Amino acid sequence: MKPFVSYFLQFLLAVFFSSSCLAQSNQSDAHLSGVILDSSGAGVGGVHISAAVEGQPQGNIWKATSTTDGGFALTLPAGKYHVVFARNSFATREFYFEFAAGESRKLDVRMELEQLSASVVVTAEAGPLQIQQTTASVDVITKEELIQRQAKMLVDALQYSPGISMGRTGSEGGTASIFLGGGNSSFTKVLVDGAPVNEPGNAVDFSNFTLDNVDKVEIVRGAESAIYGSDAVSGVVQIFTHRGTTRTPEIVVLGEGGSFGTGKGGAQISGLFGNFDYSAAGSYFGTDGPKNQNYFYNRTLSGNFGYRISEDNQLRLTLRNNTSNAQTPGQTLLEPPNLDEHTDYGFFSSNARWDFATGKHWHHKISGSESRNREFIANPVQSFYATDPLAFCPQDPAAPNAVATADFCDFTFTARNLYNRASVNAQSSFLLPNFAATGGYQYEVENASLSLLSAGHVRRNNQAGYLDFRYAPHPRASISFGARAEANGNFGTRVVPRVGVSLALLQGRGFWGETRLRAFYGEGIKEPRFDQLYSDQFGDIGNPNLKPEASKTWSAGLEQYLAAGRVKLAGEYFSNRFYNLVSFAFCSALLPPETGNSCGIIVPGVPPSSSFGYFFNTDRARARGTNLTVDSQLLRWLRVKGNYTYDDSRVLAAPNVFDPSELPGNRLARRPVNSGALSLLAGWRRFAGSLAGYVTGQRTDSDFLGLGLTRTPGYARFDFATTYNFGGGLDGFLRVQNLFDKKYQDALGYPALGREVRVGMKYRFGGKG
């Protein structure tokens, strides 16, 4: 019995001393707790909280996860810690704390949506949203995809997005434009970090827009003038600049060379210093071009700088500048190359933004932006047929050095065009967990100096007010609606609405995942170009009474997720109608003179019997069809993306048509009926790369030379790119564009670039923390 009693007493003593030690240990632990909220004040669940001993990132890590209402609690020994709050779609928050033994600290954290995340869309509505909440049709090109494709120009990346077709006049440096949703090239609003960069009433020339310092591209299909005003007639494209995120500066230098005497060098530095983040990059690109007759030189500078004053108070400045010089030999498949013609093009954009909050639910944004476009076109020897050269050539004020021959007029042609647009925008939002209301005001000044206009310098002042609402009546449903009143300096005031819905029809799990419906309706407007409003030096009369070109667009589609979200299938139907399109007519004088002109119009200050060119709002067109996409993480290291677009476009009315390609009933120019793309994007161990193909059918086009050609053949083009990491921050990369050396044309008569092989190295160092 005694041994049993002895053992029992020893057991009780052991329990007592272990409990005492455990209590002392618990008393020495520190505690961190609080609530994590988003910008609307709703709790954020699923946030991963990790705490590592400061200076020992590879040591012990204490972890916790927030509950559905955003609550969290973390217990850890006394010491200095680096605490990180992270969740997909949200910007990571980091804190440094020193905890004393037994200390309890409460911390409430505000987490904002990460605008550079692939699952967040900024452009589709007045504020950033997670992609499943957006009601418009969107596509996102991520930084990872840009790296895998190794594309150097923005148009090379946009080509693989559904619903976009290209128009490039040559291999390098020629005009590059996009057609989104079947609309004209000037019907897409383009933003760089929030700054509009379209020439007033005109398209964006992407010929020198490189992807240096770019982290993300968003494409929104459908009219968005209710948010962005003029130019957002068929969609919006926004480019986002890289932001620094590492405590130790990250520096990247690269160099490459390849076919056609091509070479490129560049550098980037980015990082985070206290509350200040920075990213700056510069590059130089040059090529001799095919047959040494299409040289192109481009310089890019880009910067993104931000400062967090406090939790809800941030400043940001973004800058971008591209300057290029290109030899543009013309339609060399239809006529001899003009080796004397060249184009200098300069593009600059800037945006300064202040984001701040006043209270729990009120959020504000004040921003100012400016963009400048400079274009100089020189064509020292240009010939055109003249019925009476001796009489016509001396009368051309734009060609003072014209020389007449028997049948042709040869002259030196130059054009200098300068555009500038600056705007100030003030926006306030009231945010609740299931409701958001945004109101804003914008004032914009547009200037232009065009060498062919009689007025020389012209100006237009615009202002607008807009409202946008979002309501989530159920966790599965989101409704958005809004309108904008645009007061334009030329056409007066127009009101354009938008409305959309996003609805999760099925929230499945396992193989059969979520089924989501999206439906959207929007109206768009585009202000007239300055050369359409003001008279030029050739006797054409501007029409100051032009209405804005306009659109009514709607779309409806389904998204289906499969295999636990690894596969996404999507299909949508779209219908876009364009009206009040501007046309040009030559109003010839009638005989006898008192009968006036063939247009039957009277222009103040112009004799009724005069002959002149004039602009009218006469044309109508439509584009309707389907976009089908698939995005599959087929294997852990292999992603497959594909899309197909059917675009049934038609010219509905064109009473002043000059070219046979523009006759009613024809397809819209350079917009194929059938097009599609397929990409294999891989990342395996030290390798990353892509194999991508783009296919387009026959397109309506024009030679614009009077030859009567109205069709451009379809083609299939394949690109290959790969990157290998040697370790120590050194990467080697290879890109082959037009892998099979396909002979094709994006614009009739202009040969596209043949097979181009580029090889380069990239060295990256720093970038820790």
# chains A, B, ... in the order shown; residues from 1 in each chain; ligands from 1
call {"tool": "closest_atom_pairs", "arguments": {"of": "segment 104-171 of chain A", "to": "segment 714-729 of chain A", "cutoff": "10 Å", "atoms": "only C-alpha atoms", "output": "CSV"}}
result
residue,atom,partner,partner_atom,distance
A:Ile147,CA,A:Thr723,CA,8.6
A:Gln148,CA,A:Ala721,CA,6.9
A:Arg149,CA,A:Ala721,CA,5.8
A:Gln150,CA,A:Ala721,CA,6.2
A:Ala151,CA,A:Ala721,CA,8.6
A:Asp156,CA,A:Asp719,CA,10.0
call {"tool": "write_last_selection", "arguments": {"atoms": "N, CA, C and O atoms", "output": "tab-separated table (two decimals), in the first residue's frame"}}
result
chain	number	residue	atom	x	y	z
A	147	ILE	N	4.93	38.78	-68.17
A	147	ILE	CA	6.27	38.22	-68.09
A	147	ILE	C	6.38	36.95	-68.93
A	147	ILE	O	7.37	36.74	-69.64
A	148	GLN	N	5.37	36.10	-68.86
A	148	GLN	CA	5.41	34.85	-69.62
A	148	GLN	C	5.39	35.10	-71.12
A	148	GLN	O	6.03	34.38	-71.88
A	149	ARG	N	4.69	36.13	-71.57
A	149	ARG	CA	4.62	36.42	-73.01
A	149	ARG	C	5.85	37.17	-73.50
A	149	ARG	O	6.14	37.16	-74.70
A	150	GLN	N	6.58	37.85	-72.62
A	150	GLN	CA	7.75	38.63	-72.99
A	150	GLN	C	7.44	39.65	-74.09
A	150	GLN	O	8.28	39.96	-74.93
A	151	ALA	N	6.21	40.17	-74.09
A	151	ALA	CA	5.83	41.17	-75.10
A	151	ALA	C	6.48	42.51	-74.77
A	151	ALA	O	6.60	42.89	-73.60
A	156	ASP	N	0.79	44.12	-78.51
A	156	ASP	CA	1.07	42.68	-78.57
A	156	ASP	C	0.34	41.93	-77.46
A	156	ASP	O	0.00	40.75	-77.62
call {"tool": "select_by_dssp", "arguments": {"residues": "segment 519-750 of chain A", "states": "strand (DSSP E or B)", "output": "MDAnalysis selection string"}}
result
chainID A and resid 519:526 536 549:562 567:587 589 597 612:635 638:653 674:684 687:696 699:700 711:712 715:727 730:737 745:747 750
call {"tool": "residues_around", "arguments": {"residues": "Gly271 of chain A", "least_positions_apart": "2", "cutoff": "7 Å", "atoms": "only C-alpha atoms", "output": "mmCIF file with all heavy atoms, in the first residue's frame"}}
result
data_model
loop_
_atom_site.group_PDB
_atom_site.id
_atom_site.type_symbol
_atom_site.label_atom_id
_atom_site.label_comp_id
_atom_site.auth_asym_id
_atom_site.auth_seq_id
_atom_site.Cartn_x
_atom_site.Cartn_y
_atom_site.Cartn_z
ATOM 1 N N GLY A 244 6.303 49.993 -55.884
ATOM 2 C CA GLY A 244 7.321 49.374 -55.046
ATOM 3 C C GLY A 244 6.715 48.780 -53.792
ATOM 4 O O GLY A 244 5.849 49.391 -53.159
ATOM 5 N N THR A 245 7.197 47.576 -53.392
ATOM 6 C CA THR A 245 6.626 46.880 -52.230
ATOM 7 C C THR A 245 7.689 46.310 -51.295
ATOM 8 O O THR A 245 7.339 45.731 -50.269
ATOM 9 C CB THR A 245 5.719 45.728 -52.691
ATOM 10 O OG1 THR A 245 6.473 44.826 -53.520
ATOM 11 C CG2 THR A 245 4.519 46.247 -53.478
ATOM 12 N N THR A 246 8.977 46.440 -51.615
ATOM 13 C CA THR A 246 10.021 45.798 -50.824
ATOM 14 C C THR A 246 10.805 46.826 -50.012
ATOM 15 O O THR A 246 11.101 47.924 -50.488
ATOM 16 C CB THR A 246 10.987 45.024 -51.731
ATOM 17 O OG1 THR A 246 11.561 45.925 -52.696
ATOM 18 C CG2 THR A 246 10.263 43.915 -52.475
ATOM 19 N N ARG A 247 11.145 46.454 -48.770
ATOM 20 C CA ARG A 247 11.892 47.361 -47.897
ATOM 21 C C ARG A 247 13.292 47.630 -48.438
ATOM 22 O O ARG A 247 13.807 48.740 -48.329
ATOM 23 C CB ARG A 247 11.980 46.760 -46.493
ATOM 24 C CG ARG A 247 10.631 46.572 -45.808
ATOM 25 C CD ARG A 247 10.018 47.894 -45.412
ATOM 26 N NE ARG A 247 8.662 47.721 -44.885
ATOM 27 C CZ ARG A 247 7.884 48.719 -44.502
ATOM 28 N NH1 ARG A 247 8.322 49.959 -44.593
ATOM 29 N NH2 ARG A 247 6.667 48.487 -44.040
ATOM 30 N N THR A 248 13.904 46.606 -49.001
ATOM 31 C CA THR A 248 15.194 46.787 -49.663
ATOM 32 C C THR A 248 14.938 47.116 -51.133
ATOM 33 O O THR A 248 14.154 46.426 -51.783
ATOM 34 C CB THR A 248 16.044 45.509 -49.567
ATOM 35 O OG1 THR A 248 16.214 45.163 -48.193
ATOM 36 C CG2 THR A 248 17.404 45.714 -50.213
ATOM 37 N N PRO A 249 15.553 48.169 -51.666
ATOM 38 C CA PRO A 249 15.299 48.522 -53.071
ATOM 39 C C PRO A 249 15.561 47.342 -54.009
ATOM 40 O O PRO A 249 16.537 46.601 -53.853
ATOM 41 C CB PRO A 249 16.290 49.667 -53.329
ATOM 42 C CG PRO A 249 16.544 50.256 -51.990
ATOM 43 C CD PRO A 249 16.489 49.105 -51.022
ATOM 44 N N GLU A 250 14.658 47.177 -54.966
ATOM 45 C CA GLU A 250 14.817 46.154 -55.995
ATOM 46 C C GLU A 250 15.246 46.833 -57.288
ATOM 47 O O GLU A 250 14.588 47.762 -57.756
ATOM 48 C CB GLU A 250 13.511 45.395 -56.216
ATOM 49 C CG GLU A 250 13.624 44.298 -57.262
ATOM 50 C CD GLU A 250 12.313 43.577 -57.489
ATOM 51 O OE1 GLU A 250 11.335 44.233 -57.903
ATOM 52 O OE2 GLU A 250 12.262 42.357 -57.244
ATOM 53 N N PHE A 273 10.136 52.781 -48.592
ATOM 54 C CA PHE A 273 10.942 53.421 -47.551
ATOM 55 C C PHE A 273 9.991 54.073 -46.559
ATOM 56 O O PHE A 273 9.426 55.141 -46.824
ATOM 57 C CB PHE A 273 11.875 54.463 -48.176
ATOM 58 C CG PHE A 273 12.768 55.142 -47.186
ATOM 59 C CD1 PHE A 273 13.863 54.482 -46.649
ATOM 60 C CD2 PHE A 273 12.518 56.441 -46.775
ATOM 61 C CE1 PHE A 273 14.690 55.097 -45.734
ATOM 62 C CE2 PHE A 273 13.337 57.067 -45.851
ATOM 63 C CZ PHE A 273 14.431 56.395 -45.326
ATOM 64 N N ASP A 277 6.430 54.725 -51.121
ATOM 65 C CA ASP A 277 6.747 53.692 -52.106
ATOM 66 C C ASP A 277 7.107 54.343 -53.430
ATOM 67 O O ASP A 277 6.609 55.418 -53.769
ATOM 68 C CB ASP A 277 5.582 52.715 -52.293
ATOM 69 C CG ASP A 277 4.346 53.353 -52.898
ATOM 70 O OD1 ASP A 277 4.278 53.459 -54.144
ATOM 71 O OD2 ASP A 277 3.439 53.753 -52.144
ATOM 72 N N TYR A 278 7.979 53.687 -54.178
ATOM 73 C CA TYR A 278 8.482 54.287 -55.411
ATOM 74 C C TYR A 278 8.781 53.207 -56.445
ATOM 75 O O TYR A 278 9.108 52.068 -56.124
ATOM 76 C CB TYR A 278 9.748 55.107 -55.137
ATOM 77 C CG TYR A 278 10.861 54.307 -54.488
ATOM 78 C CD1 TYR A 278 11.840 53.673 -55.250
ATOM 79 C CD2 TYR A 278 10.924 54.169 -53.102
ATOM 80 C CE1 TYR A 278 12.843 52.932 -54.662
ATOM 81 C CE2 TYR A 278 11.920 53.422 -52.500
ATOM 82 C CZ TYR A 278 12.883 52.806 -53.282
ATOM 83 O OH TYR A 278 13.868 52.062 -52.694
ATOM 84 N N SER A 279 8.654 53.599 -57.688
ATOM 85 C CA SER A 279 9.014 52.749 -58.819
ATOM 86 C C SER A 279 9.354 53.655 -59.992
ATOM 87 O O SER A 279 8.573 54.546 -60.335
ATOM 88 C CB SER A 279 7.869 51.803 -59.188
ATOM 89 O OG SER A 279 8.172 51.070 -60.366
#
call {"tool": "atom_distance", "arguments": {"atom1": "atom CA of Val759 of chain A", "atom2": "atom CA of Asp215 of chain A"}}
result
22.0 Å
call {"tool": "residues_around", "arguments": {"residues": "Asn208 of chain A", "least_positions_apart": "5", "cutoff": "12 Å", "atoms": "only C-alpha atoms", "output": "JSON, numbers by chain"}}
result
{"A": [152, 153, 154, 155, 156, 168, 172, 173, 174, 175, 176, 177, 283, 284, 285, 286, 296, 297, 298, 299, 300, 301, 320, 321, 322, 323, 324, 325, 326, 343, 344, 345, 346, 347, 348, 373, 375]}
call {"tool": "residues_around", "arguments": {"residues": "segment 576-587 of chain A", "least_positions_apart": "2", "cutoff": "6 Å", "atoms": "only C-alpha atoms", "output": "VMD selection string"}}
result
chain A and resid 549 to 553 597 to 599 611 to 624 656
call {"tool": "residues_around", "arguments": {"residues": "Gly55 of chain A", "least_positions_apart": "5", "cutoff": "12 Å", "atoms": "only C-alpha atoms", "output": "list in words"}}
result
Asn60, Gly79, Lys80, Tyr81, His82, Tyr96 and Gly769 of chain A
call {"tool": "write_last_selection", "arguments": {"atoms": "C-alpha atoms", "output": "mmCIF file, in the first residue's frame"}}
result
data_model
loop_
_atom_site.group_PDB
_atom_site.id
_atom_site.type_symbol
_atom_site.label_atom_id
_atom_site.label_comp_id
_atom_site.auth_asym_id
_atom_site.auth_seq_id
_atom_site.Cartn_x
_atom_site.Cartn_y
_atom_site.Cartn_z
ATOM 1 C CA ASN A 60 9.164 30.510 -35.581
ATOM 2 C CA GLY A 79 9.431 40.179 -28.064
ATOM 3 C CA LYS A 80 9.694 42.287 -31.216
ATOM 4 C CA TYR A 81 7.553 41.100 -34.127
ATOM 5 C CA HIS A 82 6.829 41.785 -37.758
ATOM 6 C CA TYR A 96 6.081 46.217 -36.278
ATOM 7 C CA GLY A 769 11.293 42.401 -47.248
#
call {"tool": "decode", "arguments": {"residues": "segment 738-769 of chain A", "atoms": "N, CA, C and O atoms", "output": "PDB file, in the first residue's frame"}}
result
ATOM      1  N   ASN A 738       5.971  35.861 -84.470  1.00  0.00           N
ATOM      2  CA  ASN A 738       5.671  35.333 -85.807  1.00  0.00           C
ATOM      3  C   ASN A 738       6.561  34.128 -86.083  1.00  0.00           C
ATOM      4  O   ASN A 738       7.378  34.119 -87.007  1.00  0.00           O
ATOM      5  N   LEU A 739       6.386  33.108 -85.266  1.00  0.00           N
ATOM      6  CA  LEU A 739       7.253  31.933 -85.232  1.00  0.00           C
ATOM      7  C   LEU A 739       7.447  31.290 -86.601  1.00  0.00           C
ATOM      8  O   LEU A 739       8.545  30.854 -86.949  1.00  0.00           O
ATOM      9  N   PHE A 740       6.385  31.215 -87.410  1.00  0.00           N
ATOM     10  CA  PHE A 740       6.461  30.536 -88.701  1.00  0.00           C
ATOM     11  C   PHE A 740       6.614  31.505 -89.864  1.00  0.00           C
ATOM     12  O   PHE A 740       6.378  31.137 -91.020  1.00  0.00           O
ATOM     13  N   ASP A 741       7.010  32.752 -89.563  1.00  0.00           N
ATOM     14  CA  ASP A 741       7.319  33.755 -90.583  1.00  0.00           C
ATOM     15  C   ASP A 741       6.155  33.956 -91.561  1.00  0.00           C
ATOM     16  O   ASP A 741       6.329  33.994 -92.775  1.00  0.00           O
ATOM     17  N   LYS A 742       4.959  34.098 -91.011  1.00  0.00           N
ATOM     18  CA  LYS A 742       3.757  34.278 -91.819  1.00  0.00           C
ATOM     19  C   LYS A 742       3.755  35.648 -92.488  1.00  0.00           C
ATOM     20  O   LYS A 742       4.019  36.657 -91.849  1.00  0.00           O
ATOM     21  N   LYS A 743       3.429  35.684 -93.785  1.00  0.00           N
ATOM     22  CA  LYS A 743       3.278  36.952 -94.507  1.00  0.00           C
ATOM     23  C   LYS A 743       1.821  37.396 -94.376  1.00  0.00           C
ATOM     24  O   LYS A 743       0.915  36.732 -94.879  1.00  0.00           O
ATOM     25  N   TYR A 744       1.593  38.498 -93.699  1.00  0.00           N
ATOM     26  CA  TYR A 744       0.215  38.941 -93.473  1.00  0.00           C
ATOM     27  C   TYR A 744       0.172  40.459 -93.355  1.00  0.00           C
ATOM     28  O   TYR A 744       1.214  41.130 -93.314  1.00  0.00           O
ATOM     29  N   GLN A 745      -1.056  40.976 -93.297  1.00  0.00           N
ATOM     30  CA  GLN A 745      -1.277  42.414 -93.191  1.00  0.00           C
ATOM     31  C   GLN A 745      -2.349  42.678 -92.139  1.00  0.00           C
ATOM     32  O   GLN A 745      -3.398  42.039 -92.154  1.00  0.00           O
ATOM     33  N   ASP A 746      -2.078  43.609 -91.216  1.00  0.00           N
ATOM     34  CA  ASP A 746      -3.120  44.083 -90.319  1.00  0.00           C
ATOM     35  C   ASP A 746      -3.924  45.203 -90.972  1.00  0.00           C
ATOM     36  O   ASP A 746      -5.089  45.417 -90.643  1.00  0.00           O
ATOM     37  N   ALA A 747      -3.292  45.939 -91.871  1.00  0.00           N
ATOM     38  CA  ALA A 747      -3.948  46.975 -92.668  1.00  0.00           C
ATOM     39  C   ALA A 747      -3.535  46.767 -94.116  1.00  0.00           C
ATOM     40  O   ALA A 747      -2.378  46.448 -94.413  1.00  0.00           O
ATOM     41  N   LEU A 748      -4.466  46.929 -95.031  1.00  0.00           N
ATOM     42  CA  LEU A 748      -4.267  46.586 -96.428  1.00  0.00           C
ATOM     43  C   LEU A 748      -3.073  47.338 -97.025  1.00  0.00           C
ATOM     44  O   LEU A 748      -2.996  48.570 -96.969  1.00  0.00           O
ATOM     45  N   GLY A 749      -2.141  46.560 -97.567  1.00  0.00           N
ATOM     46  CA  GLY A 749      -0.980  47.137 -98.237  1.00  0.00           C
ATOM     47  C   GLY A 749       0.233  47.311 -97.354  1.00  0.00           C
ATOM     48  O   GLY A 749       1.332  47.582 -97.866  1.00  0.00           O
ATOM     49  N   TYR A 750       0.073  47.165 -96.043  1.00  0.00           N
ATOM     50  CA  TYR A 750       1.184  47.356 -95.110  1.00  0.00           C
ATOM     51  C   TYR A 750       1.676  45.995 -94.620  1.00  0.00           C
ATOM     52  O   TYR A 750       0.965  45.313 -93.890  1.00  0.00           O
ATOM     53  N   PRO A 751       2.865  45.562 -94.981  1.00  0.00           N
ATOM     54  CA  PRO A 751       3.341  44.247 -94.547  1.00  0.00           C
ATOM     55  C   PRO A 751       3.657  44.235 -93.058  1.00  0.00           C
ATOM     56  O   PRO A 751       4.264  45.166 -92.518  1.00  0.00           O
ATOM     57  N   ALA A 752       3.223  43.175 -92.371  1.00  0.00           N
ATOM     58  CA  ALA A 752       3.533  43.026 -90.957  1.00  0.00           C
ATOM     59  C   ALA A 752       4.956  42.495 -90.795  1.00  0.00           C
ATOM     60  O   ALA A 752       5.597  42.043 -91.750  1.00  0.00           O
ATOM     61  N   LEU A 753       5.450  42.537 -89.587  1.00  0.00           N
ATOM     62  CA  LEU A 753       6.803  42.090 -89.301  1.00  0.00           C
ATOM     63  C   LEU A 753       6.917  40.586 -89.483  1.00  0.00           C
ATOM     64  O   LEU A 753       6.048  39.825 -89.052  1.00  0.00           O
ATOM     65  N   GLY A 754       7.978  40.155 -90.147  1.00  0.00           N
ATOM     66  CA  GLY A 754       8.240  38.732 -90.303  1.00  0.00           C
ATOM     67  C   GLY A 754       8.767  38.134 -89.009  1.00  0.00           C
ATOM     68  O   GLY A 754       8.638  38.724 -87.927  1.00  0.00           O
ATOM     69  N   ARG A 755       9.375  36.940 -89.123  1.00  0.00           N
ATOM     70  CA  ARG A 755       9.880  36.292 -87.919  1.00  0.00           C
ATOM     71  C   ARG A 755      10.949  37.163 -87.259  1.00  0.00           C
ATOM     72  O   ARG A 755      11.936  37.560 -87.871  1.00  0.00           O
ATOM     73  N   GLU A 756      10.718  37.460 -85.959  1.00  0.00           N
ATOM     74  CA  GLU A 756      11.673  38.260 -85.204  1.00  0.00           C
ATOM     75  C   GLU A 756      12.121  37.458 -83.994  1.00  0.00           C
ATOM     76  O   GLU A 756      11.299  37.011 -83.190  1.00  0.00           O
ATOM     77  N   VAL A 757      13.423  37.262 -83.865  1.00  0.00           N
ATOM     78  CA  VAL A 757      14.002  36.519 -82.749  1.00  0.00           C
ATOM     79  C   VAL A 757      14.770  37.499 -81.865  1.00  0.00           C
ATOM     80  O   VAL A 757      15.609  38.262 -82.348  1.00  0.00           O
ATOM     81  N   ARG A 758      14.466  37.479 -80.575  1.00  0.00           N
ATOM     82  CA  ARG A 758      15.173  38.341 -79.616  1.00  0.00           C
ATOM     83  C   ARG A 758      15.691  37.485 -78.461  1.00  0.00           C
ATOM     84  O   ARG A 758      14.978  36.629 -77.946  1.00  0.00           O
ATOM     85  N   VAL A 759      16.925  37.737 -78.060  1.00  0.00           N
ATOM     86  CA  VAL A 759      17.562  37.031 -76.954  1.00  0.00           C
ATOM     87  C   VAL A 759      18.108  38.076 -75.993  1.00  0.00           C
ATOM     88  O   VAL A 759      18.668  39.098 -76.420  1.00  0.00           O
ATOM     89  N   GLY A 760      17.929  37.843 -74.686  1.00  0.00           N
ATOM     90  CA  GLY A 760      18.407  38.835 -73.739  1.00  0.00           C
ATOM     91  C   GLY A 760      18.665  38.266 -72.363  1.00  0.00           C
ATOM     92  O   GLY A 760      18.389  37.091 -72.072  1.00  0.00           O
ATOM     93  N   MET A 761      19.201  39.113 -71.502  1.00  0.00           N
ATOM     94  CA  MET A 761      19.476  38.769 -70.123  1.00  0.00           C
ATOM     95  C   MET A 761      18.886  39.849 -69.216  1.00  0.00           C
ATOM     96  O   MET A 761      18.863  41.033 -69.553  1.00  0.00           O
ATOM     97  N   LYS A 762      18.450  39.407 -68.037  1.00  0.00           N
ATOM     98  CA  LYS A 762      17.907  40.322 -67.042  1.00  0.00           C
ATOM     99  C   LYS A 762      18.532  39.976 -65.691  1.00  0.00           C
ATOM    100  O   LYS A 762      18.568  38.817 -65.291  1.00  0.00           O
ATOM    101  N   TYR A 763      19.031  41.026 -65.013  1.00  0.00           N
ATOM    102  CA  TYR A 763      19.637  40.812 -63.695  1.00  0.00           C
ATOM    103  C   TYR A 763      18.856  41.600 -62.657  1.00  0.00           C
ATOM    104  O   TYR A 763      18.621  42.793 -62.802  1.00  0.00           O
ATOM    105  N   ARG A 764      18.461  40.890 -61.597  1.00  0.00           N
ATOM    106  CA  ARG A 764      17.649  41.474 -60.540  1.00  0.00           C
ATOM    107  C   ARG A 764      18.366  41.287 -59.207  1.00  0.00           C
ATOM    108  O   ARG A 764      18.808  40.186 -58.885  1.00  0.00           O
ATOM    109  N   PHE A 765      18.499  42.365 -58.447  1.00  0.00           N
ATOM    110  CA  PHE A 765      19.112  42.234 -57.134  1.00  0.00           C
ATOM    111  C   PHE A 765      18.409  43.155 -56.138  1.00  0.00           C
ATOM    112  O   PHE A 765      17.738  44.109 -56.508  1.00  0.00           O
ATOM    113  N   GLY A 766      18.581  42.824 -54.856  1.00  0.00           N
ATOM    114  CA  GLY A 766      17.845  43.532 -53.816  1.00  0.00           C
ATOM    115  C   GLY A 766      16.437  42.984 -53.724  1.00  0.00           C
ATOM    116  O   GLY A 766      16.151  41.821 -54.025  1.00  0.00           O
ATOM    117  N   GLY A 767      15.523  43.836 -53.282  1.00  0.00           N
ATOM    118  CA  GLY A 767      14.115  43.456 -53.265  1.00  0.00           C
ATOM    119  C   GLY A 767      13.712  42.551 -52.134  1.00  0.00           C
ATOM    120  O   GLY A 767      12.790  41.751 -52.282  1.00  0.00           O
ATOM    121  N   LYS A 768      14.380  42.645 -50.972  1.00  0.00           N
ATOM    122  CA  LYS A 768      14.008  41.814 -49.831  1.00  0.00           C
ATOM    123  C   LYS A 768      13.024  42.555 -48.936  1.00  0.00           C
ATOM    124  O   LYS A 768      12.967  43.766 -48.927  1.00  0.00           O
ATOM    125  N   GLY A 769      12.246  41.775 -48.175  1.00  0.00           N
ATOM    126  CA  GLY A 769      11.293  42.401 -47.248  1.00  0.00           C
ATOM    127  C   GLY A 769      10.055  42.871 -47.931  1.00  0.00           C
ATOM    128  O   GLY A 769       9.544  43.913 -47.548  1.00  0.00           O
TER     129      GLY A 769
END
